[in-house]
$ cat target-v8.cif   # mmCIF, C-alpha atoms
data_coords
loop_
_atom_site.label_atom_id
_atom_site.label_comp_id
_atom_site.auth_asym_id
_atom_site.auth_seq_id
_atom_site.Cartn_x
_atom_site.Cartn_y
_atom_site.Cartn_z
CA MET A 1 3.62 -18.34 -18.58
CA LYS A 2 0.11 -17.01 -18.08
CA HIS A 3 -2.66 -15.77 -20.28
CA LEU A 4 -4.24 -12.40 -19.54
CA ALA A 5 -6.77 -12.70 -16.72
CA ALA A 6 -9.56 -10.43 -15.55
CA CYS A 7 -8.30 -7.37 -13.69
CA THR A 8 -8.58 -7.34 -9.90
CA ASP A 9 -6.65 -4.10 -9.34
CA PRO A 10 -8.40 -1.09 -7.78
CA GLU A 11 -10.32 1.43 -9.88
CA TYR A 12 -12.40 4.38 -8.75
CA THR A 13 -15.77 3.69 -7.18
CA ALA A 14 -17.83 6.71 -6.19
CA VAL A 15 -18.84 7.06 -2.55
CA GLU A 16 -22.63 6.93 -2.63
CA ASN A 17 -23.32 8.08 0.92
CA PRO A 18 -20.31 10.12 2.10
CA SER A 19 -19.88 10.38 5.85
CA ARG A 20 -19.38 13.68 7.62
CA LEU A 21 -15.65 13.03 7.70
CA ASP A 22 -15.70 12.23 3.96
CA SER A 23 -17.45 15.53 3.27
CA PHE A 24 -14.98 17.39 5.47
CA PHE A 25 -11.96 16.02 3.60
CA LEU A 26 -13.58 16.52 0.19
CA LYS A 27 -13.73 20.27 0.84
CA TYR A 28 -9.95 20.38 1.01
CA ILE A 29 -8.60 17.84 -1.48
CA GLN A 30 -8.19 18.55 -5.18
CA ASP A 31 -9.52 15.24 -6.51
CA LYS A 32 -12.30 13.24 -4.85
CA ARG A 33 -10.59 10.03 -5.98
CA ASP A 34 -7.79 10.80 -3.51
CA LEU A 35 -10.05 10.50 -0.48
CA PRO A 36 -8.14 7.37 0.68
CA PHE A 37 -5.02 9.54 0.92
CA ALA A 38 -6.74 11.80 3.42
CA TYR A 39 -7.55 8.83 5.65
CA LEU A 40 -4.03 7.42 5.35
CA THR A 41 -2.57 10.81 6.30
CA LEU A 42 -4.91 10.96 9.28
CA LYS A 43 -3.95 7.45 10.46
CA ILE A 44 -0.24 8.24 10.27
CA SER A 45 -0.75 11.60 12.00
CA VAL A 46 -2.59 10.13 15.00
CA THR A 47 -0.38 7.06 15.45
CA LEU A 48 3.15 7.33 14.09
CA LEU A 49 3.69 11.05 14.70
CA PRO A 50 2.77 10.93 18.45
CA LEU A 51 4.91 7.80 18.90
CA ALA A 52 7.88 9.59 17.31
CA VAL A 53 7.45 12.50 19.71
CA LEU A 54 7.06 10.11 22.64
CA LEU A 55 10.43 8.53 21.91
CA PHE A 56 12.07 11.91 22.64
CA VAL A 57 10.38 12.32 26.05
CA PRO A 58 13.12 12.12 28.74
CA ALA A 59 10.82 10.37 31.22
CA LEU A 60 10.37 7.43 28.86
CA THR A 61 13.25 5.05 29.59
CA GLY A 62 14.16 1.39 29.88
CA TRP A 63 11.91 -1.36 28.60
CA LEU A 64 9.04 1.07 28.08
CA TRP A 65 11.11 3.09 25.59
CA TRP A 66 11.99 -0.10 23.71
CA ALA A 67 8.33 -1.15 23.69
CA VAL A 68 7.29 2.17 22.13
CA LEU A 69 10.14 1.82 19.63
CA ALA A 70 8.95 -1.67 18.66
CA VAL A 71 5.43 -0.40 18.01
CA TYR A 72 6.79 2.59 16.11
CA MET A 73 9.03 0.45 13.90
CA GLY A 74 6.25 -2.05 13.27
CA LEU A 75 3.80 0.62 12.15
CA SER A 76 6.41 2.52 10.19
CA ASN A 77 7.87 -0.38 8.23
CA ALA A 78 5.24 -3.12 8.13
CA ARG A 79 2.08 -1.06 7.77
CA PHE A 80 2.69 2.45 6.51
CA ARG A 81 5.99 2.60 4.59
CA GLY A 82 4.69 1.31 1.24
CA PRO A 83 1.33 3.12 1.23
CA TYR A 84 2.90 6.38 2.40
CA GLY A 85 5.75 6.27 -0.10
CA LEU A 86 3.44 5.73 -3.04
CA MET A 87 0.96 8.31 -1.72
CA GLN A 88 3.80 10.83 -1.77
CA HIS A 89 4.61 9.63 -5.28
CA CYS A 90 1.03 10.23 -6.45
CA THR A 91 0.72 13.60 -4.73
CA SER A 92 4.03 14.72 -6.24
CA HIS A 93 2.58 14.19 -9.71
CA ARG A 94 -0.91 15.49 -8.87
CA VAL A 95 -1.50 18.20 -6.27
CA PHE A 96 -3.24 16.79 -3.20
CA PHE A 97 -4.95 19.85 -1.67
CA ARG A 98 -6.89 22.57 -3.48
CA LYS A 99 -5.12 25.80 -4.38
CA LYS A 100 -7.04 27.64 -1.66
CA TYR A 101 -5.42 25.34 0.91
CA GLY A 102 -2.11 24.99 -0.90
CA TYR A 103 -0.08 25.39 2.30
CA LEU A 104 -1.32 21.95 3.33
CA ASN A 105 0.65 20.41 0.47
CA HIS A 106 3.80 20.96 2.55
CA TYR A 107 2.51 18.66 5.31
CA LEU A 108 3.44 15.36 3.66
CA PRO A 109 7.02 16.15 2.53
CA TRP A 110 7.98 18.31 5.52
CA VAL A 111 6.17 16.71 8.49
CA ILE A 112 5.23 13.11 7.68
CA GLY A 113 7.82 12.27 5.02
CA PRO A 114 10.88 12.49 7.31
CA LEU A 115 9.42 9.71 9.48
CA PHE A 116 9.89 7.42 6.47
CA GLY A 117 13.31 8.72 5.50
CA GLN A 118 11.98 11.10 2.86
CA THR A 119 14.08 14.20 3.36
CA PRO A 120 11.97 17.27 2.45
CA GLU A 121 11.85 18.10 -1.27
CA THR A 122 14.45 15.49 -2.30
CA TYR A 123 11.97 12.93 -3.62
CA PHE A 124 10.08 15.53 -5.64
CA THR A 125 13.17 17.11 -7.15
CA HIS A 126 14.72 13.75 -8.05
CA HIS A 127 11.60 12.08 -9.37
CA LEU A 128 10.00 14.93 -11.30
CA GLY A 129 13.08 17.01 -11.89
CA MET A 130 15.30 14.26 -13.30
CA HIS A 131 13.92 10.71 -13.44
CA HIS A 132 10.84 11.33 -15.55
CA PRO A 133 12.38 13.87 -17.92
CA GLU A 134 15.33 11.54 -18.58
CA ASN A 135 13.27 8.31 -18.56
CA ASN A 136 16.05 6.04 -17.21
CA LEU A 137 18.37 7.09 -20.05
CA PRO A 138 22.07 7.99 -19.54
CA ASP A 139 21.43 11.50 -18.17
CA ASP A 140 19.23 10.02 -15.46
CA GLU A 141 21.72 9.69 -12.61
CA SER A 142 19.65 6.80 -11.19
CA SER A 143 19.52 4.94 -14.50
CA THR A 144 19.79 1.15 -14.36
CA MET A 145 20.99 0.82 -17.98
CA PHE A 146 24.68 0.33 -17.32
CA PHE A 147 24.33 -2.44 -14.72
CA GLN A 148 23.83 -6.18 -15.02
CA ARG A 149 20.34 -6.26 -13.61
CA ASP A 150 20.26 -9.84 -12.35
CA SER A 151 23.47 -9.42 -10.35
CA LEU A 152 23.55 -8.69 -6.62
CA ARG A 153 27.06 -7.31 -7.00
CA SER A 154 25.84 -4.86 -9.64
CA PHE A 155 22.92 -3.81 -7.45
CA LEU A 156 25.22 -3.15 -4.50
CA HIS A 157 27.42 -1.05 -6.80
CA TYR A 158 24.31 0.82 -7.96
CA LEU A 159 23.11 1.34 -4.39
CA GLY A 160 26.50 2.44 -3.09
CA ASP A 161 26.90 4.88 -5.96
CA PHE A 162 23.53 6.41 -5.10
CA PHE A 163 24.39 6.81 -1.41
CA VAL A 164 27.78 8.39 -2.13
CA ARG A 165 27.11 10.47 -5.23
CA GLY A 166 23.32 10.61 -5.59
CA LEU A 167 22.68 14.03 -4.09
CA PRO A 168 25.74 15.80 -5.61
CA ASN A 169 24.86 14.32 -9.00
CA LEU A 170 21.25 15.44 -8.68
CA ALA A 171 22.28 18.98 -7.70
CA ARG A 172 24.72 19.12 -10.61
CA TYR A 173 22.07 17.81 -13.02
CA LEU A 174 19.50 20.41 -11.92
CA HIS A 175 22.11 23.14 -12.29
CA SER A 176 23.11 21.96 -15.77
CA ARG A 177 19.47 21.95 -16.89
CA ASN A 178 18.90 25.43 -15.41
CA LYS A 179 16.30 24.02 -12.99
CA LEU A 180 17.50 26.37 -10.30
CA THR A 181 14.25 26.49 -8.35
CA LEU A 182 14.30 22.72 -7.98
CA ARG A 183 17.97 22.80 -7.01
CA HIS A 184 17.17 25.39 -4.34
CA ARG A 185 14.35 23.22 -3.00
CA LEU A 186 16.69 20.22 -2.88
CA MET A 187 19.43 22.10 -1.05
CA ARG A 188 16.99 23.74 1.37
CA GLY A 189 15.31 20.46 2.29
CA GLU A 190 18.57 18.58 2.78
CA LEU A 191 20.13 21.38 4.84
CA VAL A 192 17.12 21.74 7.14
CA TYR A 193 16.98 17.99 7.64
CA LEU A 194 20.68 17.76 8.46
CA VAL A 195 20.60 20.70 10.89
CA VAL A 196 17.51 19.42 12.72
CA THR A 197 18.86 15.87 12.90
CA PHE A 198 22.26 17.04 14.14
CA GLY A 199 20.64 19.22 16.80
CA LEU A 200 18.34 16.44 18.00
CA CYS A 201 21.34 14.14 18.47
CA PHE A 202 22.22 16.28 21.50
CA VAL A 203 18.66 16.02 22.83
CA ASN A 204 18.15 12.26 22.53
CA LEU A 205 20.59 10.29 20.40
CA PRO A 206 18.76 6.91 20.39
CA ALA A 207 15.47 8.55 19.43
CA THR A 208 17.15 10.59 16.70
CA LEU A 209 18.77 7.48 15.24
CA ALA A 210 15.43 5.64 15.28
CA VAL A 211 13.24 8.46 13.95
CA PHE A 212 15.52 10.38 11.60
CA VAL A 213 18.67 8.41 10.70
CA PHE A 214 17.64 4.78 10.26
CA PRO A 215 14.58 5.68 8.12
CA VAL A 216 16.77 7.58 5.63
CA ILE A 217 18.99 4.54 5.15
CA MET A 218 16.04 2.16 4.95
CA GLY A 219 13.98 4.48 2.75
CA ARG A 220 16.71 5.01 0.17
CA VAL A 221 17.52 1.31 -0.03
CA VAL A 222 13.84 0.54 -0.66
CA MET A 223 13.47 3.30 -3.26
CA MET A 224 16.54 2.21 -5.22
CA LEU A 225 15.47 -1.42 -4.99
CA GLY A 226 12.12 -0.39 -6.43
CA ASN A 227 13.66 1.65 -9.23
CA TRP A 228 16.01 -1.23 -10.06
CA SER A 229 13.08 -3.66 -10.36
CA GLN A 230 10.86 -1.25 -12.28
CA HIS A 231 13.62 -0.72 -14.84
CA ALA A 232 15.26 -4.15 -14.72
CA PHE A 233 14.15 -5.25 -18.19
CA ILE A 234 15.41 -2.93 -20.94
CA ALA A 235 15.57 -3.57 -24.67
CA ALA A 236 19.05 -2.34 -25.62
CA GLU A 237 17.89 -1.31 -29.09
CA THR A 238 15.05 0.88 -27.76
CA PRO A 239 16.00 2.04 -24.24
CA ASP A 240 13.93 5.21 -24.65
CA ASN A 241 10.71 3.27 -25.26
CA CYS A 242 8.58 3.17 -22.09
CA TYR A 243 7.13 -0.17 -23.16
CA THR A 244 10.59 -1.72 -23.28
CA ASN A 245 12.38 0.00 -20.40
CA SER A 246 9.75 -0.50 -17.68
CA VAL A 247 7.51 -3.31 -16.44
CA THR A 248 3.87 -3.72 -15.45
CA CYS A 249 2.63 -5.88 -12.58
CA ILE A 250 -1.09 -6.67 -12.49
CA ASN A 251 -3.48 -8.53 -10.19
CA THR A 252 -1.41 -8.24 -7.03
CA ASN A 253 -2.32 -7.14 -3.51
CA TYR A 254 0.55 -4.65 -3.79
CA ASN A 255 -1.54 -2.58 -6.20
CA HIS A 256 -4.33 -2.38 -3.61
CA LYS A 257 -1.94 -1.37 -0.85
CA CYS A 258 0.24 0.97 -2.91
CA TRP A 259 -2.12 2.72 -5.30
CA ASN A 260 -1.53 0.71 -8.51
CA ASP A 261 2.20 1.31 -8.42
CA GLY A 262 2.67 -1.89 -10.40
CA TYR A 263 1.61 -0.10 -13.59
CA HIS A 264 5.00 1.44 -14.24
CA ILE A 265 4.85 1.41 -18.03
CA SER A 266 1.69 3.50 -18.18
CA HIS A 267 3.08 5.73 -15.43
CA HIS A 268 6.04 6.62 -17.63
CA LEU A 269 3.80 7.00 -20.66
CA LYS A 270 1.50 9.39 -18.79
CA PRO A 271 3.10 10.49 -15.51
CA ALA A 272 0.12 12.63 -14.47
CA MET A 273 -2.44 9.86 -14.97
CA HIS A 274 -4.49 9.30 -11.82
CA TRP A 275 -3.66 6.09 -10.00
CA THR A 276 -7.19 4.73 -10.42
CA GLU A 277 -7.00 5.02 -14.22
CA HIS A 278 -4.04 2.71 -14.84
CA PRO A 279 -5.91 -0.62 -15.05
CA GLY A 280 -8.33 0.83 -17.61
CA HIS A 281 -5.51 2.38 -19.64
CA PHE A 282 -3.72 -0.98 -19.67
CA ARG A 283 -6.80 -2.81 -20.98
CA GLN A 284 -7.44 -0.18 -23.63
CA ASN A 285 -3.88 -0.35 -24.96
CA LEU A 286 -3.17 -4.08 -24.94
CA ALA A 287 -2.33 -4.02 -28.65
CA GLN A 288 0.49 -1.50 -28.04
CA TYR A 289 1.82 -3.55 -25.12
CA ALA A 290 1.88 -6.68 -27.28
CA GLN A 291 3.33 -4.94 -30.33
CA ASN A 292 6.19 -3.53 -28.25
CA GLU A 293 6.84 -6.83 -26.44
CA ALA A 294 6.23 -5.19 -23.08
CA ILE A 295 7.09 -7.15 -19.94
CA VAL A 296 3.91 -7.79 -17.94
CA PHE A 297 3.68 -9.99 -14.83
CA ASP A 298 0.55 -11.29 -13.13
CA GLY A 299 0.40 -11.97 -9.40
CA ILE A 300 3.86 -10.72 -8.42
CA HIS A 301 5.26 -7.27 -7.71
CA PHE A 302 8.59 -5.49 -7.59
CA LEU A 303 9.93 -7.19 -4.48
CA HIS A 304 9.31 -10.56 -6.11
CA ILE A 305 11.04 -9.36 -9.29
CA PHE A 306 14.07 -8.22 -7.30
CA ALA A 307 14.30 -11.47 -5.32
CA TYR A 308 13.90 -13.64 -8.42
CA LEU A 309 16.54 -11.67 -10.32
CA MET A 310 19.05 -11.79 -7.49
CA THR A 311 18.60 -15.57 -7.19
CA LYS A 312 18.48 -16.08 -10.99
CA ARG A 313 15.02 -17.65 -10.72
CA TYR A 314 13.99 -16.83 -14.26
CA ASP A 315 11.71 -19.85 -14.13
CA LEU A 316 9.54 -18.10 -11.53
CA LEU A 317 9.55 -14.89 -13.54
CA ALA A 318 8.50 -16.82 -16.64
CA LYS A 319 5.79 -18.61 -14.65
CA ASN A 320 4.16 -15.26 -13.86
CA PHE A 321 4.85 -13.65 -17.25
CA VAL A 322 1.71 -12.68 -19.20
CA SER A 323 1.59 -13.71 -22.85
CA LEU A 324 -0.43 -10.95 -24.50
CA ASP A 325 -0.52 -12.29 -28.05
CA GLY A 326 0.69 -15.88 -27.93
CA ARG A 327 4.02 -15.19 -29.63
CA TYR A 328 6.06 -17.15 -27.07
CA ALA A 329 6.00 -20.91 -27.53
CA ASP A 330 6.91 -21.85 -23.96
CA ASP A 331 8.62 -20.68 -20.78
CA ALA A 332 12.03 -21.22 -22.36
CA ALA A 333 11.24 -18.55 -24.96
CA VAL A 334 10.10 -16.18 -22.22
CA ILE A 335 13.27 -16.80 -20.21
CA ALA A 336 15.37 -16.00 -23.27
CA LEU A 337 13.50 -12.70 -23.66
CA LEU A 338 13.88 -11.78 -19.99
CA LYS A 339 17.58 -12.60 -19.93
CA SER A 340 18.17 -10.47 -23.01
CA ARG A 341 16.52 -7.53 -21.26
CA THR A 342 18.63 -7.69 -18.09
CA ARG A 343 22.03 -7.58 -19.81
CA ARG A 344 24.21 -4.61 -19.04
CA ILE A 345 24.11 -1.99 -21.79
CA ARG A 346 27.66 -0.85 -22.24
CA ARG A 347 27.99 2.91 -21.98
CA PRO A 348 30.34 3.50 -24.96
CA VAL A 349 28.02 1.54 -27.29
CA GLN A 350 24.98 3.46 -26.13
CA LEU A 351 26.69 6.80 -26.52
CA ALA A 352 27.77 5.87 -30.03
CA GLN A 353 24.18 4.92 -30.90
CA ALA A 354 22.86 8.18 -29.46
CA ALA A 355 25.34 10.15 -31.55
#
$ encode --input "target-v8.cif" --output "structure tokens"
Amino acid sequence: MKHLAACTDPEYTAVENPSRLDSFFLKYIQDKRDLPFAYLTLKISVTLLPLAVLLFVPALTGWLWWAVLAVYMGLSNARFRGPYGLMQHCTSHRVFFRKKYGYLNHYLPWVIGPLFGQTPETYFTHHLGMHHPENNLPDDESSTMFFQRDSLRSFLHYLGDFFVRGLPNLARYLHSRNKLTLRHRLMRGELVYLVVTFGLCFVNLPATLAVFVFPVIMGRVVMMLGNWSQHAFIAAETPDNCYTNSVTCINTNYNHKCWNDGYHISHHLKPAMHWTEHPGHFRQNLAQYAQNEAIVFDGIHFLHIFAYLMTKRYDLLAKNFVSLDGRYADDAAVIALLKSRTRRIRRPVQLAQAA
């Protein structure tokens, strides 16, 4: 168990002497605090995108093709996957480019996103069309409530259910809520992606598998793993309370790399809050976090949470748990709290409570 330490997570610092490239980007983007997104987009566009195209070149064969693939996979998964995914998350909630240049907002989901397994429009329609409105409650088709959240078997069930029924369930949900524009965007993006991928299989099957098929599998596993960890600890008596159905991870390098994604409680409280504002919001609302017995970890992030849950290492979770008001006597008390929050919430009981 830890006591609250000084914050090391990133907050906005104004650029005192913007370069020419800074000034160029600032003319196009909606919020000057998103300047790092412009540079990340540029880096991906001049490295990963040309490598993806190169893999389809017929003249590139043998060991040279495999060498390009190795570089491509290294950049895609080790360097850019996390930062890109959370950049798309931020720019889904807050428009990236100014209205005058609104057409540029299609560049991330339609051009860059597919390289990371983000089929066009699907992330936006799922995340903003269903997940946030339903807040991990029963009508959220990706809800973690009805699973034992420290069980690998339960996670595999959750993951398999998403792969098999995720898209049909999302389309049905959007239809039932009369969100027909979002449903159309979902169907359009998925159909275009499938047609293009199928066609490219006849051009270069290995390249298509590497650039368009494998990333979808990898990307959706990572996203569902993240959602599982972000909503692993739920108070059964208050599953609609953002303080008790999400977690916050502070003082971790992950927040520097992935735009303060560790602040998931405040993200659900205020989905449109800018990523640089989360550490300040957390400090200003410590009393509410403590009063609601919010789960806050220091020094670990969602991958750690997932690994510790799957291996039942509650001792390591308790070691990094932040005591906000001193109400827990020792790690044993923290472990008891954490275990109570990972228990499966039985669907019939929850429906009876809701009624």
$ residues_around --input "target-v8.cif" --residues "Val296 of chain A" --least-positions-apart "5" --cutoff "8 Å" --atoms "all atoms listed in the file" --output "ChimeraX atom specification"
/A:247-250,321-322
$ atom_distance --input "target-v8.cif" --atom1 "atom CA of Phe56 of chain A" --atom2 "atom CA of Ile217 of chain A"
20.2 Å
$ resolve_selection --input "target-v8.cif" --expression "the PyMOL selection byres ((chain A and resi 129) around 10)" --output "VMD selection string"
chain A and resid 122 to 128 130 to 134 140 170 173 to 174 177 179 182 to 183
$ residues_around --input "target-v8.cif" --residues "Leu54 of chain A" --least-positions-apart "2" --cutoff "10 Å" --atoms "all atoms listed in the file" --output "compact mmCIF listing (two decimals) with C-alpha atoms, keeping the file's coordinate frame"
# COMPACT_ATOMS: atom_id res chain seq x y z
CA LEU A 48 3.15 7.33 14.09
CA LEU A 49 3.69 11.05 14.70
CA PRO A 50 2.77 10.93 18.45
CA LEU A 51 4.91 7.80 18.90
CA ALA A 52 7.88 9.59 17.31
CA PHE A 56 12.07 11.91 22.64
CA VAL A 57 10.38 12.32 26.05
CA PRO A 58 13.12 12.12 28.74
CA ALA A 59 10.82 10.37 31.22
CA LEU A 60 10.37 7.43 28.86
CA TRP A 65 11.11 3.09 25.59
CA VAL A 68 7.29 2.17 22.13
CA LEU A 69 10.14 1.82 19.63
CA TYR A 72 6.79 2.59 16.11
CA ALA A 207 15.47 8.55 19.43
$ atom_distance --input "target-v8.cif" --atom1 "atom CA of Asp315 of chain A" --atom2 "atom CA of Ala290 of chain A"
21.0 Å
$ closest_residue --input "target-v8.cif" --among "A:Gly199, A:Gly326, A:Gly262, A:Gly74" --to "Gln230 of chain A" --atoms "all atoms listed in the file"
A:Gly262
$ resolve_selection --input "target-v8.cif" --expression "the PyMOL selection byres ((chain A and resi 45) around 12)" --output "list in words"
Ala38, Tyr39, Leu40, Thr41, Leu42, Lys43, Ile44, Val46, Thr47, Leu48, Leu49, Pro50, Leu51, Ala52, Val53, Leu75, Ser76, Phe80, Tyr84, Tyr107, Leu108, Val111, Ile112, Gly113 and Leu115 of chain A
$ resolve_selection --input "target-v8.cif" --expression "the PyMOL selection byres ((chain A and resi 259) around 10)" --output "ChimeraX atom specification"
/A:9-11,36-37,82-84,86-87,89-90,254-258,260-263,274-276,278
$ atom_distance --input "target-v8.cif" --atom1 "atom CA of Ala336 of chain A" --atom2 "atom CA of Asp298 of chain A"
18.6 Å
$ residues_near_point --input "target-v8.cif" --point "(-13.5, 22.1, -0.9)" --cutoff "12 Å" --atoms "all atoms listed in the file" --output "JSON, numbers by chain"
{"A": [22, 23, 24, 25, 26, 27, 28, 29, 30, 31, 32, 96, 97, 98, 99, 100, 101, 102]}
$ decode --input "target-v8.cif" --residues "segment 265-274 of chain A" --atoms "all heavy atoms" --output "PDB file, in the first residue's frame"
ATOM      1  N   ILE A 265     -11.081   6.895 -14.468  1.00  0.00           N
ATOM      2  CA  ILE A 265     -12.242   7.365 -13.703  1.00  0.00           C
ATOM      3  C   ILE A 265     -12.645   8.751 -14.177  1.00  0.00           C
ATOM      4  O   ILE A 265     -13.817   9.002 -14.507  1.00  0.00           O
ATOM      5  CB  ILE A 265     -11.934   7.375 -12.192  1.00  0.00           C
ATOM      6  CG1 ILE A 265     -11.822   5.944 -11.668  1.00  0.00           C
ATOM      7  CG2 ILE A 265     -13.027   8.139 -11.419  1.00  0.00           C
ATOM      8  CD1 ILE A 265     -11.393   5.843 -10.215  1.00  0.00           C
ATOM      9  N   SER A 266     -11.700   9.664 -14.216  1.00  0.00           N
ATOM     10  CA  SER A 266     -12.032  11.030 -14.637  1.00  0.00           C
ATOM     11  C   SER A 266     -12.438  11.065 -16.100  1.00  0.00           C
ATOM     12  O   SER A 266     -13.240  11.911 -16.504  1.00  0.00           O
ATOM     13  CB  SER A 266     -10.856  11.983 -14.387  1.00  0.00           C
ATOM     14  OG  SER A 266      -9.661  11.504 -14.962  1.00  0.00           O
ATOM     15  N   HIS A 267     -11.938  10.123 -16.895  1.00  0.00           N
ATOM     16  CA  HIS A 267     -12.361  10.078 -18.300  1.00  0.00           C
ATOM     17  C   HIS A 267     -13.840   9.734 -18.412  1.00  0.00           C
ATOM     18  O   HIS A 267     -14.546  10.290 -19.250  1.00  0.00           O
ATOM     19  CB  HIS A 267     -11.521   9.084 -19.079  1.00  0.00           C
ATOM     20  CG  HIS A 267     -11.969   8.919 -20.501  1.00  0.00           C
ATOM     21  ND1 HIS A 267     -11.983   9.970 -21.397  1.00  0.00           N
ATOM     22  CD2 HIS A 267     -12.457   7.849 -21.173  1.00  0.00           C
ATOM     23  CE1 HIS A 267     -12.452   9.547 -22.563  1.00  0.00           C
ATOM     24  NE2 HIS A 267     -12.747   8.268 -22.450  1.00  0.00           N
ATOM     25  N   HIS A 268     -14.313   8.820 -17.562  1.00  0.00           N
ATOM     26  CA  HIS A 268     -15.740   8.492 -17.603  1.00  0.00           C
ATOM     27  C   HIS A 268     -16.577   9.587 -16.949  1.00  0.00           C
ATOM     28  O   HIS A 268     -17.728   9.796 -17.344  1.00  0.00           O
ATOM     29  CB  HIS A 268     -16.000   7.141 -16.940  1.00  0.00           C
ATOM     30  CG  HIS A 268     -15.939   5.996 -17.901  1.00  0.00           C
ATOM     31  ND1 HIS A 268     -17.048   5.486 -18.530  1.00  0.00           N
ATOM     32  CD2 HIS A 268     -14.885   5.291 -18.376  1.00  0.00           C
ATOM     33  CE1 HIS A 268     -16.688   4.501 -19.339  1.00  0.00           C
ATOM     34  NE2 HIS A 268     -15.378   4.360 -19.259  1.00  0.00           N
ATOM     35  N   LEU A 269     -16.018  10.265 -15.980  1.00  0.00           N
ATOM     36  CA  LEU A 269     -16.750  11.379 -15.370  1.00  0.00           C
ATOM     37  C   LEU A 269     -16.938  12.510 -16.366  1.00  0.00           C
ATOM     38  O   LEU A 269     -18.020  13.098 -16.467  1.00  0.00           O
ATOM     39  CB  LEU A 269     -15.990  11.899 -14.144  1.00  0.00           C
ATOM     40  CG  LEU A 269     -15.971  10.998 -12.911  1.00  0.00           C
ATOM     41  CD1 LEU A 269     -14.965  11.534 -11.899  1.00  0.00           C
ATOM     42  CD2 LEU A 269     -17.361  10.911 -12.281  1.00  0.00           C
ATOM     43  N   LYS A 270     -15.870  12.816 -17.111  1.00  0.00           N
ATOM     44  CA  LYS A 270     -15.890  13.911 -18.084  1.00  0.00           C
ATOM     45  C   LYS A 270     -15.202  13.440 -19.362  1.00  0.00           C
ATOM     46  O   LYS A 270     -14.012  13.704 -19.573  1.00  0.00           O
ATOM     47  CB  LYS A 270     -15.199  15.147 -17.516  1.00  0.00           C
ATOM     48  CG  LYS A 270     -15.912  15.754 -16.313  1.00  0.00           C
ATOM     49  CD  LYS A 270     -15.263  17.072 -15.901  1.00  0.00           C
ATOM     50  CE  LYS A 270     -16.045  17.734 -14.764  1.00  0.00           C
ATOM     51  NZ  LYS A 270     -15.464  19.049 -14.384  1.00  0.00           N
ATOM     52  N   PRO A 271     -15.928  12.742 -20.236  1.00  0.00           N
ATOM     53  CA  PRO A 271     -15.312  12.146 -21.420  1.00  0.00           C
ATOM     54  C   PRO A 271     -14.620  13.137 -22.352  1.00  0.00           C
ATOM     55  O   PRO A 271     -13.682  12.757 -23.061  1.00  0.00           O
ATOM     56  CB  PRO A 271     -16.491  11.467 -22.127  1.00  0.00           C
ATOM     57  CG  PRO A 271     -17.469  11.196 -21.039  1.00  0.00           C
ATOM     58  CD  PRO A 271     -17.348  12.358 -20.100  1.00  0.00           C
ATOM     59  N   ALA A 272     -15.078  14.391 -22.365  1.00  0.00           N
ATOM     60  CA  ALA A 272     -14.485  15.370 -23.283  1.00  0.00           C
ATOM     61  C   ALA A 272     -13.337  16.144 -22.647  1.00  0.00           C
ATOM     62  O   ALA A 272     -12.781  17.044 -23.281  1.00  0.00           O
ATOM     63  CB  ALA A 272     -15.561  16.346 -23.760  1.00  0.00           C
ATOM     64  N   MET A 273     -12.967  15.806 -21.421  1.00  0.00           N
ATOM     65  CA  MET A 273     -11.852  16.507 -20.784  1.00  0.00           C
ATOM     66  C   MET A 273     -10.572  16.279 -21.579  1.00  0.00           C
ATOM     67  O   MET A 273     -10.282  15.164 -22.016  1.00  0.00           O
ATOM     68  CB  MET A 273     -11.656  16.017 -19.347  1.00  0.00           C
ATOM     69  CG  MET A 273     -10.592  16.791 -18.577  1.00  0.00           C
ATOM     70  SD  MET A 273     -10.210  16.033 -16.968  1.00  0.00           S
ATOM     71  CE  MET A 273     -11.822  16.088 -16.193  1.00  0.00           C
ATOM     72  N   HIS A 274      -9.798  17.333 -21.757  1.00  0.00           N
ATOM     73  CA  HIS A 274      -8.543  17.198 -22.507  1.00  0.00           C
ATOM     74  C   HIS A 274      -7.560  16.337 -21.735  1.00  0.00           C
ATOM     75  O   HIS A 274      -7.504  16.383 -20.498  1.00  0.00           O
ATOM     76  CB  HIS A 274      -7.944  18.580 -22.777  1.00  0.00           C
ATOM     77  CG  HIS A 274      -6.853  18.544 -23.809  1.00  0.00           C
ATOM     78  ND1 HIS A 274      -5.527  18.412 -23.485  1.00  0.00           N
ATOM     79  CD2 HIS A 274      -6.914  18.601 -25.162  1.00  0.00           C
ATOM     80  CE1 HIS A 274      -4.807  18.396 -24.591  1.00  0.00           C
ATOM     81  NE2 HIS A 274      -5.623  18.509 -25.623  1.00  0.00           N
TER      82      HIS A 274
END
